[in-house]
$ cat upload_5.cif   # mmCIF, C-alpha atoms; chains and numbers go by the auth columns
data_query
#
loop_
_atom_site.group_PDB
_atom_site.id
_atom_site.type_symbol
_atom_site.label_atom_id
_atom_site.label_comp_id
_atom_site.label_asym_id
_atom_site.label_seq_id
_atom_site.Cartn_x
_atom_site.Cartn_y
_atom_site.Cartn_z
_atom_site.B_iso_or_equiv
_atom_site.auth_seq_id
_atom_site.auth_asym_id
ATOM 1 C CA MET A 1 -27.897 25.075 -6.731 0.00 1 F
ATOM 2 C CA SER A 2 -26.255 21.680 -6.987 0.00 2 F
ATOM 3 C CA THR A 3 -23.191 21.242 -9.206 0.00 3 F
ATOM 4 C CA GLN A 4 -23.852 19.672 -12.580 0.00 4 F
ATOM 5 C CA TYR A 5 -21.219 17.465 -14.187 0.00 5 F
ATOM 6 C CA VAL A 6 -20.929 16.509 -17.855 0.00 6 F
ATOM 7 C CA PHE A 7 -20.802 12.853 -16.757 0.00 7 F
ATOM 8 C CA PRO A 8 -21.168 11.158 -13.351 0.00 8 F
ATOM 9 C CA PRO A 9 -18.207 11.748 -11.005 0.00 9 F
ATOM 10 C CA HIS A 10 -15.909 8.784 -10.508 0.00 10 F
ATOM 11 C CA GLU A 11 -16.644 6.321 -7.737 0.00 11 F
ATOM 12 C CA ILE A 12 -14.928 6.875 -4.384 0.00 12 F
ATOM 13 C CA ALA A 13 -13.029 3.864 -3.084 0.00 13 F
ATOM 14 C CA GLY A 14 -14.547 2.987 0.289 0.00 14 F
ATOM 15 C CA LEU A 15 -12.801 0.504 2.569 0.00 15 F
ATOM 16 C CA PRO A 16 -14.592 -1.588 5.202 0.00 16 F
ATOM 17 C CA ILE A 17 -14.045 -0.699 8.864 0.00 17 F
ATOM 18 C CA ALA A 18 -14.133 -3.432 11.495 0.00 18 F
ATOM 19 C CA GLY A 19 -17.244 -3.385 13.685 0.00 19 F
ATOM 20 C CA THR A 20 -19.283 -0.933 11.600 0.00 20 F
ATOM 21 C CA ASP A 21 -21.141 -0.638 8.315 0.00 21 F
ATOM 22 C CA ALA A 22 -19.462 2.732 7.679 0.00 22 F
ATOM 23 C CA ARG A 23 -16.770 2.987 5.011 0.00 23 F
ATOM 24 C CA PHE A 24 -13.428 4.768 5.001 0.00 24 F
ATOM 25 C CA PRO A 25 -13.355 7.098 1.947 0.00 25 F
ATOM 26 C CA VAL A 26 -9.974 6.957 0.248 0.00 26 F
ATOM 27 C CA ARG A 27 -8.450 10.259 -0.864 0.00 27 F
ATOM 28 C CA ARG A 28 -4.851 9.605 -1.928 0.00 28 F
ATOM 29 C CA VAL A 29 -2.475 6.627 -1.811 0.00 29 F
ATOM 30 C CA PHE A 30 1.162 7.204 -0.861 0.00 30 F
ATOM 31 C CA CYS A 31 3.714 4.394 -0.890 0.00 31 F
ATOM 32 C CA VAL A 32 7.124 4.263 0.779 0.00 32 F
ATOM 33 C CA GLY A 33 9.884 2.752 -1.342 0.00 33 F
ATOM 34 C CA ARG A 34 12.363 0.194 0.042 0.00 34 F
ATOM 35 C CA ASN A 35 11.496 0.644 3.702 0.00 35 F
ATOM 36 C CA TYR A 36 12.713 -2.777 4.876 0.00 36 F
ATOM 37 C CA ALA A 37 16.470 -3.439 4.753 0.00 37 F
ATOM 38 C CA GLY A 38 16.050 -6.926 3.301 0.00 38 F
ATOM 39 C CA HIS A 39 13.854 -5.679 0.478 0.00 39 F
ATOM 40 C CA ALA A 40 16.220 -2.791 -0.243 0.00 40 F
ATOM 41 C CA ARG A 41 19.052 -5.308 -0.637 0.00 41 F
ATOM 42 C CA GLU A 42 17.077 -7.621 -2.902 0.00 42 F
ATOM 43 C CA MET A 43 16.286 -4.599 -5.094 0.00 43 F
ATOM 44 C CA GLY A 44 19.992 -3.780 -5.294 0.00 44 F
ATOM 45 C CA SER A 45 19.972 -0.740 -2.974 0.00 45 F
ATOM 46 C CA ASP A 46 21.746 0.320 0.204 0.00 46 F
ATOM 47 C CA PRO A 47 19.421 -0.068 3.218 0.00 47 F
ATOM 48 C CA ASP A 48 21.034 2.711 5.254 0.00 48 F
ATOM 49 C CA ARG A 49 18.703 5.381 6.638 0.00 49 F
ATOM 50 C CA GLU A 50 18.831 7.769 3.733 0.00 50 F
ATOM 51 C CA PRO A 51 15.737 10.020 3.564 0.00 51 F
ATOM 52 C CA PRO A 52 12.659 7.952 2.594 0.00 52 F
ATOM 53 C CA PHE A 53 11.237 8.321 -0.885 0.00 53 F
ATOM 54 C CA PHE A 54 7.612 8.090 -1.923 0.00 54 F
ATOM 55 C CA PHE A 55 5.515 7.299 -4.955 0.00 55 F
ATOM 56 C CA CYS A 56 1.757 7.297 -5.481 0.00 56 F
ATOM 57 C CA LYS A 57 -0.991 5.045 -6.728 0.00 57 F
ATOM 58 C CA PRO A 58 -4.408 6.321 -7.834 0.00 58 F
ATOM 59 C CA GLY A 59 -6.797 6.779 -4.930 0.00 59 F
ATOM 60 C CA ASP A 60 -9.964 5.974 -6.864 0.00 60 F
ATOM 61 C CA ALA A 61 -11.952 2.767 -7.163 0.00 61 F
ATOM 62 C CA GLY A 62 -10.072 1.875 -10.348 0.00 62 F
ATOM 63 C CA ALA A 63 -6.914 1.060 -8.388 0.00 63 F
ATOM 64 C CA VAL A 64 -7.971 0.631 -4.740 0.00 64 F
ATOM 65 C CA VAL A 65 -9.879 -2.624 -4.291 0.00 65 F
ATOM 66 C CA PRO A 66 -11.659 -3.319 -0.972 0.00 66 F
ATOM 67 C CA VAL A 67 -11.241 -6.902 0.246 0.00 67 F
ATOM 68 C CA ALA A 68 -13.687 -8.092 2.900 0.00 68 F
ATOM 69 C CA PRO A 69 -12.554 -10.458 5.668 0.00 69 F
ATOM 70 C CA GLY A 70 -12.894 -14.094 4.640 0.00 70 F
ATOM 71 C CA ALA A 71 -13.396 -13.279 0.955 0.00 71 F
ATOM 72 C CA THR A 72 -11.047 -14.062 -1.922 0.00 72 F
ATOM 73 C CA VAL A 73 -11.277 -11.273 -4.467 0.00 73 F
ATOM 74 C CA GLU A 74 -10.664 -12.172 -8.123 0.00 74 F
ATOM 75 C CA LEU A 75 -9.170 -9.405 -10.259 0.00 75 F
ATOM 76 C CA PRO A 76 -8.117 -9.148 -13.916 0.00 76 F
ATOM 77 C CA PHE A 77 -4.487 -10.080 -14.506 0.00 77 F
ATOM 78 C CA PRO A 78 -2.765 -6.894 -15.739 0.00 78 F
ATOM 79 C CA SER A 79 -1.688 -6.379 -19.322 0.00 79 F
ATOM 80 C CA LEU A 80 1.818 -6.190 -20.802 0.00 80 F
ATOM 81 C CA THR A 81 3.688 -7.906 -17.962 0.00 81 F
ATOM 82 C CA SER A 82 5.481 -11.228 -17.627 0.00 82 F
ATOM 83 C CA ASN A 83 6.895 -10.452 -14.160 0.00 83 F
ATOM 84 C CA PHE A 84 3.998 -9.497 -11.879 0.00 84 F
ATOM 85 C CA HIS A 85 5.135 -9.128 -8.255 0.00 85 F
ATOM 86 C CA HIS A 86 3.414 -9.247 -4.874 0.00 86 F
ATOM 87 C CA GLU A 87 4.381 -6.801 -2.112 0.00 87 F
ATOM 88 C CA CYS A 88 2.517 -7.213 1.180 0.00 88 F
ATOM 89 C CA GLU A 89 2.362 -4.089 3.339 0.00 89 F
ATOM 90 C CA LEU A 90 0.931 -2.571 6.489 0.00 90 F
ATOM 91 C CA VAL A 91 -1.361 0.245 5.331 0.00 91 F
ATOM 92 C CA VAL A 92 -1.802 3.324 7.520 0.00 92 F
ATOM 93 C CA ALA A 93 -5.152 5.129 7.218 0.00 93 F
ATOM 94 C CA ILE A 94 -4.973 8.824 8.088 0.00 94 F
ATOM 95 C CA GLY A 95 -7.881 10.256 10.074 0.00 95 F
ATOM 96 C CA LYS A 96 -6.585 13.726 10.977 0.00 96 F
ATOM 97 C CA GLY A 97 -4.754 15.955 8.537 0.00 97 F
ATOM 98 C CA GLY A 98 -1.773 18.197 8.975 0.00 98 F
ATOM 99 C CA SER A 99 1.551 19.510 7.695 0.00 99 F
ATOM 100 C CA ASP A 100 4.983 19.316 9.325 0.00 100 F
ATOM 101 C CA ILE A 101 3.711 16.788 11.840 0.00 101 F
ATOM 102 C CA GLY A 102 6.161 15.955 14.621 0.00 102 F
ATOM 103 C CA VAL A 103 7.282 12.362 15.148 0.00 103 F
ATOM 104 C CA ALA A 104 5.941 12.382 18.721 0.00 104 F
ATOM 105 C CA ASP A 105 2.490 13.493 17.504 0.00 105 F
ATOM 106 C CA ALA A 106 2.313 11.425 14.309 0.00 106 F
ATOM 107 C CA LEU A 107 0.308 8.468 15.609 0.00 107 F
ATOM 108 C CA SER A 108 -2.483 10.796 16.771 0.00 108 F
ATOM 109 C CA HIS A 109 -3.196 11.398 13.072 0.00 109 F
ATOM 110 C CA VAL A 110 -3.818 7.691 12.383 0.00 110 F
ATOM 111 C CA PHE A 111 -7.388 6.461 12.068 0.00 111 F
ATOM 112 C CA GLY A 112 -6.462 2.821 11.706 0.00 112 F
ATOM 113 C CA TYR A 113 -4.526 0.103 9.909 0.00 113 F
ATOM 114 C CA ALA A 114 -5.122 -2.521 7.242 0.00 114 F
ATOM 115 C CA VAL A 115 -3.285 -5.083 5.135 0.00 115 F
ATOM 116 C CA GLY A 116 -2.579 -4.070 1.542 0.00 116 F
ATOM 117 C CA LEU A 117 -0.882 -5.421 -1.563 0.00 117 F
ATOM 118 C CA ASP A 118 1.293 -3.059 -3.589 0.00 118 F
ATOM 119 C CA MET A 119 1.097 -5.071 -6.817 0.00 119 F
ATOM 120 C CA THR A 120 3.890 -4.283 -9.258 0.00 120 F
ATOM 121 C CA ARG A 121 4.554 -4.907 -12.937 0.00 121 F
ATOM 122 C CA ARG A 122 8.239 -5.365 -12.133 0.00 122 F
ATOM 123 C CA ASP A 123 9.405 -5.701 -15.718 0.00 123 F
ATOM 124 C CA LEU A 124 7.719 -2.443 -16.739 0.00 124 F
ATOM 125 C CA GLN A 125 8.982 -0.699 -13.598 0.00 125 F
ATOM 126 C CA GLY A 126 12.496 -1.860 -14.444 0.00 126 F
ATOM 127 C CA LYS A 127 12.312 -0.465 -17.955 0.00 127 F
ATOM 128 C CA MET A 128 11.260 2.903 -16.580 0.00 128 F
ATOM 129 C CA LYS A 129 14.070 2.878 -14.019 0.00 129 F
ATOM 130 C CA ASP A 130 16.638 2.085 -16.709 0.00 130 F
ATOM 131 C CA ALA A 131 15.330 4.972 -18.834 0.00 131 F
ATOM 132 C CA GLY A 132 15.208 7.405 -15.899 0.00 132 F
ATOM 133 C CA ARG A 133 11.446 7.747 -16.284 0.00 133 F
ATOM 134 C CA PRO A 134 8.577 7.680 -13.735 0.00 134 F
ATOM 135 C CA TRP A 135 7.300 4.340 -12.423 0.00 135 F
ATOM 136 C CA GLU A 136 3.578 4.821 -13.046 0.00 136 F
ATOM 137 C CA ILE A 137 3.128 1.987 -15.553 0.00 137 F
ATOM 138 C CA GLY A 138 4.779 -0.392 -13.100 0.00 138 F
ATOM 139 C CA LYS A 139 2.902 0.724 -9.990 0.00 139 F
ATOM 140 C CA ALA A 140 -0.227 2.783 -10.753 0.00 140 F
ATOM 141 C CA PHE A 141 -2.283 0.503 -13.002 0.00 141 F
ATOM 142 C CA ASP A 142 -5.882 -0.654 -12.503 0.00 142 F
ATOM 143 C CA PHE A 143 -6.557 -2.979 -9.538 0.00 143 F
ATOM 144 C CA SER A 144 -2.998 -2.479 -8.274 0.00 144 F
ATOM 145 C CA ALA A 145 -3.875 -1.756 -4.622 0.00 145 F
ATOM 146 C CA PRO A 146 -6.106 -4.338 -2.908 0.00 146 F
ATOM 147 C CA VAL A 147 -6.697 -3.312 0.732 0.00 147 F
ATOM 148 C CA GLY A 148 -8.388 -5.218 3.520 0.00 148 F
ATOM 149 C CA GLU A 149 -10.620 -4.185 6.391 0.00 149 F
ATOM 150 C CA ILE A 150 -9.398 -1.229 8.459 0.00 150 F
ATOM 151 C CA ARG A 151 -9.113 -1.727 12.194 0.00 151 F
ATOM 152 C CA ARG A 152 -9.079 1.373 14.375 0.00 152 F
ATOM 153 C CA ALA A 153 -5.684 2.249 15.825 0.00 153 F
ATOM 154 C CA SER A 154 -6.950 1.910 19.413 0.00 154 F
ATOM 155 C CA GLU A 155 -7.812 -1.738 18.701 0.00 155 F
ATOM 156 C CA VAL A 156 -4.282 -2.707 17.634 0.00 156 F
ATOM 157 C CA PRO A 157 -1.930 -1.038 20.131 0.00 157 F
ATOM 158 C CA GLY A 158 1.000 -3.337 19.293 0.00 158 F
ATOM 159 C CA ILE A 159 0.904 -2.849 15.546 0.00 159 F
ATOM 160 C CA GLU A 160 4.435 -1.414 15.327 0.00 160 F
ATOM 161 C CA SER A 161 5.863 -4.796 16.382 0.00 161 F
ATOM 162 C CA ALA A 162 3.393 -6.994 14.489 0.00 162 F
ATOM 163 C CA ALA A 163 4.369 -9.917 12.277 0.00 163 F
ATOM 164 C CA ILE A 164 3.771 -9.455 8.534 0.00 164 F
ATOM 165 C CA SER A 165 3.661 -12.218 5.930 0.00 165 F
ATOM 166 C CA LEU A 166 2.435 -13.235 2.504 0.00 166 F
ATOM 167 C CA ALA A 167 1.792 -16.725 1.128 0.00 167 F
ATOM 168 C CA VAL A 168 1.201 -17.770 -2.478 0.00 168 F
ATOM 169 C CA ASP A 169 -0.929 -20.920 -2.807 0.00 169 F
ATOM 170 C CA GLY A 170 -0.063 -21.737 0.803 0.00 170 F
ATOM 171 C CA ALA A 171 3.717 -21.305 0.469 0.00 171 F
ATOM 172 C CA VAL A 172 5.108 -18.464 2.593 0.00 172 F
ATOM 173 C CA LYS A 173 7.097 -16.015 0.461 0.00 173 F
ATOM 174 C CA GLN A 174 7.392 -12.962 2.723 0.00 174 F
ATOM 175 C CA SER A 175 7.812 -13.056 6.494 0.00 175 F
ATOM 176 C CA SER A 176 9.044 -10.286 8.786 0.00 176 F
ATOM 177 C CA HIS A 177 7.973 -7.880 11.526 0.00 177 F
ATOM 178 C CA VAL A 178 6.939 -4.243 11.359 0.00 178 F
ATOM 179 C CA THR A 179 9.804 -3.475 13.779 0.00 179 F
ATOM 180 C CA HIS A 180 12.139 -4.034 10.816 0.00 180 F
ATOM 181 C CA LEU A 181 10.913 -0.922 9.028 0.00 181 F
ATOM 182 C CA ILE A 182 13.859 1.373 8.276 0.00 182 F
ATOM 183 C CA TRP A 183 11.588 4.362 8.896 0.00 183 F
ATOM 184 C CA SER A 184 8.928 3.722 11.546 0.00 184 F
ATOM 185 C CA ILE A 185 5.271 4.558 11.034 0.00 185 F
ATOM 186 C CA SER A 186 5.677 7.745 13.083 0.00 186 F
ATOM 187 C CA GLU A 187 8.788 8.824 11.183 0.00 187 F
ATOM 188 C CA THR A 188 7.164 8.066 7.834 0.00 188 F
ATOM 189 C CA ILE A 189 4.090 10.176 8.627 0.00 189 F
ATOM 190 C CA ALA A 190 6.268 13.036 9.883 0.00 190 F
ATOM 191 C CA ASN A 191 8.489 12.998 6.799 0.00 191 F
ATOM 192 C CA LEU A 192 5.624 12.673 4.321 0.00 192 F
ATOM 193 C CA SER A 193 3.806 15.587 5.964 0.00 193 F
ATOM 194 C CA THR A 194 6.717 17.886 5.105 0.00 194 F
ATOM 195 C CA LEU A 195 6.131 17.128 1.415 0.00 195 F
ATOM 196 C CA PHE A 196 2.317 17.030 1.319 0.00 196 F
ATOM 197 C CA LYS A 197 -0.400 18.294 3.618 0.00 197 F
ATOM 198 C CA LEU A 198 -1.941 15.038 4.779 0.00 198 F
ATOM 199 C CA GLU A 199 -5.726 14.858 4.811 0.00 199 F
ATOM 200 C CA PRO A 200 -8.324 12.469 6.266 0.00 200 F
ATOM 201 C CA GLY A 201 -8.762 9.613 3.815 0.00 201 F
ATOM 202 C CA ASP A 202 -5.117 9.382 2.803 0.00 202 F
ATOM 203 C CA LEU A 203 -3.522 5.935 2.842 0.00 203 F
ATOM 204 C CA ILE A 204 0.170 5.193 3.361 0.00 204 F
ATOM 205 C CA PHE A 205 1.570 1.861 2.197 0.00 205 F
ATOM 206 C CA SER A 206 4.469 1.626 4.661 0.00 206 F
ATOM 207 C CA GLY A 207 6.809 -0.673 2.725 0.00 207 F
ATOM 208 C CA THR A 208 7.259 -4.365 2.030 0.00 208 F
ATOM 209 C CA PRO A 209 9.693 -6.891 3.515 0.00 209 F
ATOM 210 C CA GLU A 210 12.040 -9.087 1.517 0.00 210 F
ATOM 211 C CA GLY A 211 10.747 -12.070 -0.431 0.00 211 F
ATOM 212 C CA VAL A 212 8.855 -10.246 -3.165 0.00 212 F
ATOM 213 C CA GLY A 213 8.423 -12.298 -6.301 0.00 213 F
ATOM 214 C CA ALA A 214 6.324 -13.176 -9.285 0.00 214 F
ATOM 215 C CA VAL A 215 2.759 -14.404 -8.998 0.00 215 F
ATOM 216 C CA GLN A 216 1.126 -16.278 -11.844 0.00 216 F
ATOM 217 C CA ARG A 217 -2.387 -16.023 -13.196 0.00 217 F
ATOM 218 C CA GLY A 218 -4.777 -17.997 -10.976 0.00 218 F
ATOM 219 C CA GLN A 219 -2.540 -18.156 -7.892 0.00 219 F
ATOM 220 C CA THR A 220 -3.997 -17.030 -4.566 0.00 220 F
ATOM 221 C CA MET A 221 -2.095 -14.577 -2.382 0.00 221 F
ATOM 222 C CA VAL A 222 -2.887 -14.312 1.323 0.00 222 F
ATOM 223 C CA GLY A 223 -1.384 -11.322 3.123 0.00 223 F
ATOM 224 C CA ARG A 224 -1.411 -11.013 6.895 0.00 224 F
ATOM 225 C CA VAL A 225 -0.424 -8.513 9.558 0.00 225 F
ATOM 226 C CA GLU A 226 -0.772 -9.653 13.150 0.00 226 F
ATOM 227 C CA GLY A 227 -3.868 -8.131 14.769 0.00 227 F
ATOM 228 C CA LEU A 228 -5.591 -7.295 11.463 0.00 228 F
ATOM 229 C CA SER A 229 -7.916 -9.123 9.109 0.00 229 F
ATOM 230 C CA GLY A 230 -5.994 -10.921 6.375 0.00 230 F
ATOM 231 C CA ILE A 231 -6.412 -10.282 2.679 0.00 231 F
ATOM 232 C CA ALA A 232 -6.863 -12.937 -0.037 0.00 232 F
ATOM 233 C CA VAL A 233 -6.524 -11.999 -3.715 0.00 233 F
ATOM 234 C CA LYS A 234 -6.332 -13.893 -6.989 0.00 234 F
ATOM 235 C CA TYR A 235 -5.561 -12.370 -10.396 0.00 235 F
ATOM 236 C CA VAL A 236 -7.217 -14.332 -13.202 0.00 236 F
#
$ encode --input "upload_5.cif" --output "C-alpha cells"
Amino acid sequence: MSTQYVFPPHEIAGLPIAGTDARFPVRRVFCVGRNYAGHAREMGSDPDREPPFFFCKPGDAGAVVPVAPGATVELPFPSLTSNFHHECELVVAIGKGGSDIGVADALSHVFGYAVGLDMTRRDLQGKMKDAGRPWEIGKAFDFSAPVGEIRRASEVPGIESAAISLAVDGAVKQSSHVTHLIWSISETIANLSTLFKLEPGDLIFSGTPEGVGAVQRGQTMVGRVEGLSGIAVKYV
C-alpha cells in the first residue's frame, strides 16, 4: 500500500546535467566557511589551515534554484537586508556515499561539478555572529542557493586548478583559481565525511574567493568556473 501524506510532499530540487535530460536530485547542501585565504582575511579571520568548518542551506526547491545554461534567472530580492552579498563557488555534487572517506579516495565519490552562488544576508549574519547565535537567517533563506548545470567529473579533469570569477553588471568582483582553496576538494570531502555520512545527492559549496560584496536589486550576477557552464542570476 502506498504511503498517504496529509499534504503533498515538498518538491525535490533537481539540477540539470550536461548532455542529458536527467536531473540530479539534491539531498543536502553543505557549505565550507572561509576556504580561500583572501576571503578569510576580508572577513577578519586567520587563513591558516585550522580545521574547516561547515554550515548548511536547505536542500529543497525553496532554497536550491536550478539555473540553465544561457538563461538569466530572476529571483525575489530577500527581505530584511540592506547588505546582500554574492559568493561565487565551485559546487561538488556527490554521487557515491560514505563515511570516513580517505583523501586519496575522495574524488571517486564525486558525480560532477557546477557553479553556485552562496547568497548571504551579510547584515543579518553579522548580527547573529555578534550574538553568538546560528547563521541560518543570513545563509539559509529562500532562493539562497542558485546552482548551474552539473558537468560529470570525467568531463572536467582539470577542475582543481580552474579559474573562478563573478561579475556584477559586467564588472568583475571576484577572480581567483580553485588551487587557492585552503582545503582542497579531496580534503574537504574527507573531513566532512567524518562529521556526516555523505549520500548521493549531497552538494558541497567549496568556498568563495575574496571580493565578496553587496549586490543591489536588479543587478545581474554572472558566476563562472573554467570548464563549466556559467550561471546568471538577478534578484528583483
$ residues_around --input "upload_5.cif" --residues "stretch 223-230 of chain F" --least-positions-apart "6" --cutoff "8 Å" --atoms "all atoms listed in the file" --output "PyMOL selection string"
chain F and resi 69-70+88+90+113-117+148-151+156+159+162-167
$ write_last_selection --input "upload_5.cif" --atoms "C-alpha atoms" --output "PDB file, in the frame of the given file"
ATOM      1  CA  PRO F  69     -12.554 -10.458   5.668  1.00  0.00           C
ATOM      2  CA  GLY F  70     -12.894 -14.094   4.640  1.00  0.00           C
ATOM      3  CA  CYS F  88       2.517  -7.213   1.180  1.00  0.00           C
ATOM      4  CA  LEU F  90       0.931  -2.571   6.489  1.00  0.00           C
ATOM      5  CA  TYR F 113      -4.526   0.103   9.909  1.00  0.00           C
ATOM      6  CA  ALA F 114      -5.122  -2.521   7.242  1.00  0.00           C
ATOM      7  CA  VAL F 115      -3.285  -5.083   5.135  1.00  0.00           C
ATOM      8  CA  GLY F 116      -2.579  -4.070   1.542  1.00  0.00           C
ATOM      9  CA  LEU F 117      -0.882  -5.421  -1.563  1.00  0.00           C
ATOM     10  CA  GLY F 148      -8.388  -5.218   3.520  1.00  0.00           C
ATOM     11  CA  GLU F 149     -10.620  -4.185   6.391  1.00  0.00           C
ATOM     12  CA  ILE F 150      -9.398  -1.229   8.459  1.00  0.00           C
ATOM     13  CA  ARG F 151      -9.113  -1.727  12.194  1.00  0.00           C
ATOM     14  CA  VAL F 156      -4.282  -2.707  17.634  1.00  0.00           C
ATOM     15  CA  ILE F 159       0.904  -2.849  15.546  1.00  0.00           C
ATOM     16  CA  ALA F 162       3.393  -6.994  14.489  1.00  0.00           C
ATOM     17  CA  ALA F 163       4.369  -9.917  12.277  1.00  0.00           C
ATOM     18  CA  ILE F 164       3.771  -9.455   8.534  1.00  0.00           C
ATOM     19  CA  SER F 165       3.661 -12.218   5.930  1.00  0.00           C
ATOM     20  CA  LEU F 166       2.435 -13.235   2.504  1.00  0.00           C
ATOM     21  CA  ALA F 167       1.792 -16.725   1.128  1.00  0.00           C
TER      22      ALA F 167
END
$ closest_residue --input "upload_5.cif" --among "F:Lys139, F:Leu192, F:Met221, F:Leu124" --to "F:Ala171" --atoms "all atoms listed in the file"
F:Met221
$ atom_distance --input "upload_5.cif" --atom1 "atom CA of F:Val178" --atom2 "atom CA of F:Ala104"
18.2 Å
$ resolve_selection --input "upload_5.cif" --expression "the PyMOL selection byres ((chain F and resi 73) around 12)" --output "number ranges by chain"
F: 65-72, 74-76, 143, 146-148, 218-222, 231-236
$ residues_near_point --input "upload_5.cif" --point "(-1.4, -3.5, -15.4)" --cutoff "12 Å" --atoms "all atoms listed in the file" --output "VMD selection string"
chain F and resid 62 to 63 75 to 85 119 to 125 136 to 145 235
$ resolve_selection --input "upload_5.cif" --expression "the PyMOL selection byres ((chain F and resi 57) around 7)" --output "number ranges by chain"
F: 29-30, 56, 58-59, 139-140
$ residues_around --input "upload_5.cif" --residues "F:Ile12" --least-positions-apart "3" --cutoff "8 Å" --atoms "only C-alpha atoms" --output "NGL selection string"
:F and (25-26 or 60-61)
$ axis_aligned_box --input "upload_5.cif" --around "stretch 93-103 of chain F" --padding-each-side "6 Å" --output "AutoDock Vina command-line options"
--center_x -0.3 --center_y 12.3 --center_z 11.2 --size_x 27.2 --size_y 26.4 --size_z 19.9
$ atom_distance --input "upload_5.cif" --atom1 "atom CA of F:Pro51" --atom2 "atom CA of F:Trp183"
8.8 Å
$ residues_near_point --input "upload_5.cif" --point "(7.3, 10.2, 7.7)" --cutoff "10 Å" --atoms "only C-alpha atoms" --output "PDB file with C-alpha atoms, keeping the file's coordinate frame"
ATOM      1  CA  VAL F  32       7.124   4.263   0.779  1.00  0.00           C
ATOM      2  CA  PRO F  51      15.737  10.020   3.564  1.00  0.00           C
ATOM      3  CA  PRO F  52      12.659   7.952   2.594  1.00  0.00           C
ATOM      4  CA  PHE F  53      11.237   8.321  -0.885  1.00  0.00           C
ATOM      5  CA  PHE F  54       7.612   8.090  -1.923  1.00  0.00           C
ATOM      6  CA  ASP F 100       4.983  19.316   9.325  1.00  0.00           C
ATOM      7  CA  ILE F 101       3.711  16.788  11.840  1.00  0.00           C
ATOM      8  CA  GLY F 102       6.161  15.955  14.621  1.00  0.00           C
ATOM      9  CA  VAL F 103       7.282  12.362  15.148  1.00  0.00           C
ATOM     10  CA  ALA F 106       2.313  11.425  14.309  1.00  0.00           C
ATOM     11  CA  TRP F 183      11.588   4.362   8.896  1.00  0.00           C
ATOM     12  CA  SER F 184       8.928   3.722  11.546  1.00  0.00           C
ATOM     13  CA  ILE F 185       5.271   4.558  11.034  1.00  0.00           C
ATOM     14  CA  SER F 186       5.677   7.745  13.083  1.00  0.00           C
ATOM     15  CA  GLU F 187       8.788   8.824  11.183  1.00  0.00           C
ATOM     16  CA  THR F 188       7.164   8.066   7.834  1.00  0.00           C
ATOM     17  CA  ILE F 189       4.090  10.176   8.627  1.00  0.00           C
ATOM     18  CA  ALA F 190       6.268  13.036   9.883  1.00  0.00           C
ATOM     19  CA  ASN F 191       8.489  12.998   6.799  1.00  0.00           C
ATOM     20  CA  LEU F 192       5.624  12.673   4.321  1.00  0.00           C
ATOM     21  CA  SER F 193       3.806  15.587   5.964  1.00  0.00           C
ATOM     22  CA  THR F 194       6.717  17.886   5.105  1.00  0.00           C
ATOM     23  CA  LEU F 195       6.131  17.128   1.415  1.00  0.00           C
ATOM     24  CA  ILE F 204       0.170   5.193   3.361  1.00  0.00           C
ATOM     25  CA  SER F 206       4.469   1.626   4.661  1.00  0.00           C
TER      26      SER F 206
END
$ atom_distance --input "upload_5.cif" --atom1 "atom CA of F:Ala131" --atom2 "atom CA of F:Arg34"
19.7 Å
